[in-house]
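Let me begin by presenting the structure, written as structure tokens, before commenting on it.
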Amino acid sequence: MKLHEYQSKIILSKAGVPVPRGEVASSINDVGKIATELGGCVVVKAQIHAGGRGKAGGIKLVSSSEEAEKSASELIGTNLVTGQTSSSGAPIEKVLVEEQLNVGRELYLAILMDGETRGAILIASEAGGMEIEKVAEETPEKIFKVKIDGGVGLLNFQIRQIAYKLGFSSADIREFNSLVMGIFNVFVENDCSMVEINPLVVCKDGRILAADAKINFDDDAIFRHPELQSLHDVSQDDALESRAAKSGISYIKLDGDVGCMVNGAGLAMATMDVIGQTSEGPANFLDVGGGADEKKIAEAVSIILSDTNVKKVLINIFGGILRCDVVARGILLAEKEGVTIDRPIIVRMLGTNAKEGLEILSDSNLNVTLVDDLGEAAAAIATA
Ligand code: GDP
Ligand code: MN
């Protein structure tokens, strides 16, 4: 689960991490009031669940409350498309109005769960700001990583080492240490998968503040934090992903053009790899799970085809508890319920009642290609 920047900053601020003065607003009138209180020289920041806002025009530096209102009116109610959103973008319903900082240096600081070391790591760089992805790719030596021991936690000497690498003088160490510990405490106490500060700004007057903040919670631990669940802004969710979640279908929208329906997460990943080798790539991840019934299969088919990027569909089922004939009937049920199955469907079915399932499909009037293995599936995707 993701938070907005303004929500992340409230949590960080409570943990003692300095953030710029400011307030969130959803009306132009409020933007004007907040900007006036802050002295007019403010930053108006679009609140969406994605980064890359600066480059996309979602961060406006203005020097009067009138300009702040004008910027806000250009942002609120529109969709912002950034390098991290889908091509349709994310809706801006709120803006954060903050004091403008007199930026000296922009640093990068994050604590996140790392698959490689199987634990939390601290990542820092002196080259923070809007080009951090480029820095990571082209000059990885500018990015420092510290493994955090799960048993003992983040230690002061580790923070000190990072502080020196980031060019802080010994006079700044105490302040930096408390800031990083604040971030670490937020990370641990809320079961976060990531707390990212980019940029961590060192102002010309020496103040160190989190100018941007991104907090993600571990979805598998969110049940332990009922107080956090109410922070979820559903307006930022992908419509198809929320629909799938309601039916207990694991669905993640991706950028390719081959939709897929699979049972089992591992098989779904393998299927996506096969699709990736033959085409523009998978349009989604979709695991119907073990206990799906016809209705759930029909809903999955409907969700896949609702994505207008989808040009073909690969259905790869290894029948176990989920019987292949149930899947076949589910596909037909989708059509009966009004889903137009107008794109080629490639089906591979093995296991429980596979023969029956394949018969149901080949007897139907659907444009289905039945294949025996993933090699044949790949070939069929290429020619469909
Ligand atoms: P992101 O692009 O979505 O990550 O949004 P950020 O909140 O990180 O803002 C993007 C960039 O705007 C930052 O890297 C800064 O360069 C700039 N910026 C943000 N707030 C301020 C500010 O108060 N003063 C100045 N001068 N620049 C700012
Ligand atoms: Mn940022």
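In the structure tokens, chains take the letters A, B, ... in the order shown, each chain's residues start at 1, and ligands count up from 1 in the order shown.
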7 Å contact set for Gln84 in chain A, only C-alpha atoms, chain neighbours under 6 positions out, as number ranges by chain: A: 50-52
Could those residues be written to a file, using N, CA and C atoms, as a PDB file, in the first residue's frame?
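Generated file (selection.pdb):
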```pdb
ATOM      1  N   ALA A  50       2.789   8.399  -7.383  1.00  0.00           N
ATOM      2  CA  ALA A  50       3.892   8.096  -8.297  1.00  0.00           C
ATOM      3  C   ALA A  50       4.906   9.215  -8.238  1.00  0.00           C
ATOM      4  N   GLY A  51       6.140   8.874  -8.526  1.00  0.00           N
ATOM      5  CA  GLY A  51       7.198   9.878  -8.590  1.00  0.00           C
ATOM      6  C   GLY A  51       7.322  10.423 -10.004  1.00  0.00           C
ATOM      7  N   GLY A  52       8.405  11.157 -10.234  1.00  0.00           N
ATOM      8  CA  GLY A  52       8.626  11.735 -11.554  1.00  0.00           C
ATOM      9  C   GLY A  52       7.748  12.942 -11.810  1.00  0.00           C
TER      10      GLY A  52
END
```
Go through chain A and flag each residue having an atom no more than 8 Å from ligand 1; for those, report the closest pair of atoms plus their distance in Å to one decimal, using only C-alpha atoms and all ligand atoms, ordered by chain and rising number, as a tab-separated table.
```
residue	atom	partner	partner_atom_place_in_ligand_line	distance
A:Pro20	CA	ligand 1	23 (O)	7.7
A:Val42	CA	ligand 1	23 (O)	7.0
A:Val43	CA	ligand 1	23 (O)	5.7
A:Lys45	CA	ligand 1	7 (O)	7.0
A:Ala50	CA	ligand 1	3 (O)	6.7
A:Gly51	CA	ligand 1	3 (O)	3.7
A:Gly52	CA	ligand 1	2 (O)	4.0
A:Arg53	CA	ligand 1	3 (O)	3.6
A:Gly54	CA	ligand 1	2 (O)	3.5
A:Lys55	CA	ligand 1	2 (O)	5.9
A:Ala56	CA	ligand 1	2 (O)	7.6
A:Gly58	CA	ligand 1	3 (O)	7.4
A:Ile59	CA	ligand 1	9 (O)	6.0
A:Lys60	CA	ligand 1	12 (O)	7.9
A:Leu61	CA	ligand 1	24 (N)	7.0
A:Glu98	CA	ligand 1	23 (O)	7.0
A:Glu99	CA	ligand 1	23 (O)	6.2
A:Gln100	CA	ligand 1	23 (O)	3.6
A:Leu101	CA	ligand 1	23 (O)	3.8
A:Asn102	CA	ligand 1	26 (N)	5.6
A:Val103	CA	ligand 1	26 (N)	5.1
A:Glu106	CA	ligand 1	14 (O)	6.9
A:Gly128	CA	ligand 1	14 (O)	7.4
A:Gly129	CA	ligand 1	14 (O)	3.9
A:Met130	CA	ligand 1	14 (O)	4.9
A:Asn198	CA	ligand 1	8 (O)	5.4
A:Pro199	CA	ligand 1	14 (O)	5.4
A:Ala211	CA	ligand 1	20 (N)	5.8
A:Asp212	CA	ligand 1	7 (O)	4.3
A:Ala213	CA	ligand 1	7 (O)	7.4
```
12 Å contact set for Lys246 in chain A, only C-alpha atoms, chain neighbours under 5 positions out, as a ChimeraX atom specification: /A:239-241,251,296,299-300,303
Would you mind exporting C-alpha atoms of the selected residues as a compact mmCIF listing (two decimals), in the first residue's frame?
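Output below, filename selection_31.txt:
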```
# COMPACT_ATOMS: atom_id res chain seq x y z
CA ALA A 239 -9.59 0.49 -11.79
CA LEU A 240 -9.00 -3.03 -13.15
CA GLU A 241 -6.68 -3.93 -10.28
CA TYR A 251 -4.03 -9.08 -11.14
CA LYS A 296 -14.29 -16.11 -11.08
CA GLU A 299 -14.55 -12.24 -14.27
CA ALA A 300 -10.85 -12.81 -14.99
CA ILE A 303 -10.88 -8.01 -16.69
```
Sorted by chain and rising residue number, which residues of range 245-287 of chain A lie within 10 Å of range 342-365 of chain A, and what are their closest atom pairs and distances in Å to one decimal, counting only C-alpha atoms, as CSV?
```
residue,atom,partner,partner_atom,distance
A:Val258,CA,A:Ile345,CA,9.8
A:Gly259,CA,A:Ile345,CA,9.3
A:Cys260,CA,A:Ile346,CA,9.4
A:Met261,CA,A:Val347,CA,9.5
A:Val262,CA,A:Arg348,CA,9.8
```
Would you save the residues of that selection, restricted to C-alpha atoms, as a compact mmCIF listing (two decimals), in the first residue's frame?
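Dumped to result.txt:
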```
# COMPACT_ATOMS: atom_id res chain seq x y z
CA VAL A 258 -0.60 -10.17 -24.54
CA GLY A 259 -3.10 -10.74 -21.77
CA CYS A 260 -2.70 -13.89 -19.72
CA MET A 261 -4.69 -16.01 -17.30
CA VAL A 262 -2.83 -18.58 -15.27
```
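Shortest atom-to-atom contact with ligand 2 among A:Leu332, A:Ile315, A:Val17, A:Ala110: A:Ala110, counting only C-alpha atoms and all ligand atoms.
Using only C-alpha atoms, the residues found no farther than 8 Å from Glu5 in chain A, other than those of its own chain fewer than 3 positions away, are A:Ser8, A:Lys9, A:Gln47, A:Ile48, A:Asp212, A:Ala213, A:Lys214, A:Ile215.
The nearest approach to Leu200 in chain A among the residues A:His4, A:Lys147, A:Arg105, A:His225, with only C-alpha atoms taken into account, belongs to A:Arg105.
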Range 287-325 of chain A: residues DSSP assigns to strand (DSSP E or B), reported as a list of chain:residue names: A:Asp287, A:Lys312, A:Val313, A:Leu314, A:Ile315, A:Asn316, A:Ile317, A:Phe318, A:Gly319
Keeping only all heavy atoms, write the selected residues as a short mmCIF file (atom, residue, chain, number, x, y, z; two decimals), in the first residue's frame.
```
data_model
loop_
_atom_site.label_atom_id
_atom_site.label_comp_id
_atom_site.auth_asym_id
_atom_site.auth_seq_id
_atom_site.Cartn_x
_atom_site.Cartn_y
_atom_site.Cartn_z
N ASP A 287 -3.24 -14.35 -11.64
CA ASP A 287 -3.31 -15.67 -11.02
C ASP A 287 -4.73 -15.85 -10.48
O ASP A 287 -5.13 -15.12 -9.58
CB ASP A 287 -2.26 -15.74 -9.89
CG ASP A 287 -2.39 -16.99 -9.05
OD1 ASP A 287 -3.10 -17.93 -9.47
OD2 ASP A 287 -1.75 -17.04 -7.98
N LYS A 312 -4.00 -10.13 -27.81
CA LYS A 312 -4.18 -11.58 -27.79
C LYS A 312 -4.15 -12.03 -26.33
O LYS A 312 -3.66 -11.31 -25.48
CB LYS A 312 -3.04 -12.30 -28.52
CG LYS A 312 -2.42 -11.50 -29.62
CD LYS A 312 -1.11 -12.06 -30.11
CE LYS A 312 -0.65 -11.13 -31.23
NZ LYS A 312 0.55 -11.58 -31.92
N VAL A 313 -4.66 -13.25 -26.12
CA VAL A 313 -4.71 -13.75 -24.75
C VAL A 313 -4.14 -15.16 -24.70
O VAL A 313 -4.46 -16.00 -25.55
CB VAL A 313 -6.15 -13.75 -24.21
CG1 VAL A 313 -6.20 -14.30 -22.79
CG2 VAL A 313 -6.76 -12.34 -24.25
N LEU A 314 -3.29 -15.40 -23.72
CA LEU A 314 -2.79 -16.75 -23.49
C LEU A 314 -3.36 -17.26 -22.17
O LEU A 314 -3.21 -16.61 -21.13
CB LEU A 314 -1.25 -16.76 -23.43
CG LEU A 314 -0.61 -18.09 -22.99
CD1 LEU A 314 -0.98 -19.23 -23.94
CD2 LEU A 314 0.91 -17.95 -22.91
N ILE A 315 -4.04 -18.41 -22.24
CA ILE A 315 -4.57 -19.03 -21.03
C ILE A 315 -3.76 -20.30 -20.78
O ILE A 315 -3.69 -21.18 -21.64
CB ILE A 315 -6.08 -19.34 -21.18
CG1 ILE A 315 -6.84 -18.01 -21.31
CG2 ILE A 315 -6.59 -20.14 -19.98
CD1 ILE A 315 -8.32 -18.14 -21.57
N ASN A 316 -3.08 -20.33 -19.64
CA ASN A 316 -2.20 -21.45 -19.34
C ASN A 316 -2.60 -22.04 -18.00
O ASN A 316 -2.38 -21.45 -16.96
CB ASN A 316 -0.75 -20.94 -19.30
CG ASN A 316 0.25 -22.08 -19.14
OD1 ASN A 316 -0.09 -23.24 -19.36
ND2 ASN A 316 1.47 -21.75 -18.76
N ILE A 317 -3.24 -23.22 -18.08
CA ILE A 317 -3.81 -23.81 -16.86
C ILE A 317 -3.21 -25.18 -16.59
O ILE A 317 -3.17 -26.03 -17.48
CB ILE A 317 -5.35 -23.94 -16.99
CG1 ILE A 317 -6.00 -22.57 -17.22
CG2 ILE A 317 -5.95 -24.64 -15.76
CD1 ILE A 317 -5.87 -21.57 -16.09
N PHE A 318 -2.74 -25.35 -15.38
CA PHE A 318 -2.32 -26.68 -14.95
C PHE A 318 -3.36 -27.16 -13.96
O PHE A 318 -3.34 -26.81 -12.79
CB PHE A 318 -0.92 -26.64 -14.33
CG PHE A 318 -0.33 -28.01 -14.21
CD1 PHE A 318 0.40 -28.56 -15.25
CD2 PHE A 318 -0.54 -28.76 -13.07
CE1 PHE A 318 0.91 -29.85 -15.15
CE2 PHE A 318 -0.02 -30.05 -12.97
CZ PHE A 318 0.71 -30.60 -14.01
N GLY A 319 -4.29 -27.99 -14.47
CA GLY A 319 -5.44 -28.40 -13.66
C GLY A 319 -5.04 -29.26 -12.48
O GLY A 319 -4.39 -30.28 -12.64
#
```
Pick from A:Ser13, A:Ser169, A:Ser87, A:Thr271 nearest to Gly206 in chain A, counting only C-alpha atoms: A:Ser169
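The shortest atom-to-atom distance to ligand 2, with only C-alpha atoms and all ligand atoms taken into account, belongs to A:Glu196 out of A:Ile10, A:Asn309, A:Glu196, A:Phe176.
Non-sequential neighbours of Asp255 in chain A (distance at most 8 Å, separation of 5 or more positions within a chain, only C-alpha atoms) are Gly281, Pro282, Ala283, Asn284 and Asn309 of chain A.
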DSSP-assigned alpha helix (DSSP H) members of range 114-359 of chain A, reported as JSON, numbers by chain: {"A": [132, 133, 134, 135, 136, 137, 138, 156, 157, 158, 159, 160, 161, 162, 163, 164, 165, 170, 171, 172, 173, 174, 175, 176, 177, 178, 179, 180, 181, 182, 183, 184, 185, 186, 187, 188, 189, 226, 227, 228, 229, 239, 240, 241, 242, 243, 244, 245, 246, 265, 266, 267, 268, 269, 270, 271, 272, 273, 274, 275, 276, 277, 278, 294, 295, 296, 297, 298, 299, 300, 301, 302, 303, 304, 305, 306, 324, 325, 326, 327, 328, 329, 330, 331, 332, 333, 334, 335, 336, 354, 355, 356, 357, 358, 359]}
Distance query Gly57 in chain A at most 9 Å, only C-alpha atoms, self and fewer than 5 positions along chain excluded, as a list in words: Ala46, Leu80 and Thr82 of chain A
All residues 6 Å or closer to Ile92 in chain A, only C-alpha atoms, same chain fewer than 3 positions away omitted, as a list in words: Ile76, Gly77, Thr78 and Asn79 of chain A
Go ahead and save the picked residues with all heavy atoms, as a short mmCIF file (atom, residue, chain, number, x, y, z; two decimals), in the first residue's frame.
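Below you can see result-v1.cif, which holds the result:
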```cif
data_model
loop_
_atom_site.label_atom_id
_atom_site.label_comp_id
_atom_site.auth_asym_id
_atom_site.auth_seq_id
_atom_site.Cartn_x
_atom_site.Cartn_y
_atom_site.Cartn_z
N ILE A 76 -5.22 20.57 -10.04
CA ILE A 76 -6.35 19.84 -9.43
C ILE A 76 -7.41 19.52 -10.48
O ILE A 76 -7.79 20.39 -11.27
CB ILE A 76 -6.96 20.66 -8.26
CG1 ILE A 76 -5.92 20.79 -7.14
CG2 ILE A 76 -8.22 19.99 -7.72
CD1 ILE A 76 -6.33 21.73 -6.01
N GLY A 77 -7.85 18.27 -10.48
CA GLY A 77 -8.88 17.85 -11.43
C GLY A 77 -8.33 17.33 -12.74
O GLY A 77 -9.09 16.87 -13.59
N THR A 78 -7.01 17.37 -12.90
CA THR A 78 -6.43 16.82 -14.12
C THR A 78 -5.71 15.51 -13.79
O THR A 78 -5.55 15.16 -12.63
CB THR A 78 -5.40 17.79 -14.76
OG1 THR A 78 -4.26 17.88 -13.89
CG2 THR A 78 -5.99 19.16 -14.97
N ASN A 79 -5.28 14.81 -14.84
CA ASN A 79 -4.47 13.61 -14.66
C ASN A 79 -3.02 13.95 -14.95
O ASN A 79 -2.74 14.61 -15.95
CB ASN A 79 -4.93 12.52 -15.62
CG ASN A 79 -5.96 11.61 -14.98
OD1 ASN A 79 -6.72 12.04 -14.11
ND2 ASN A 79 -5.97 10.36 -15.38
#
```
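Going from CA of Asn367 in chain A over to CA of Ile275 in chain A, you cover 19.1 Å.
Nearest to ligand 2 of all the residues A:Val195, A:Val234, A:Ala90, A:Ile34 is A:Val195, counting only C-alpha atoms and all ligand atoms.
Note that CA of Ala298 in chain A and CA of Asp325 in chain A are 12.9 Å apart.
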Nearest candidate to ligand 2 (options A:Glu116, A:Glu133, A:Asp307, A:Glu66; using only C-alpha atoms and all ligand atoms): A:Glu133
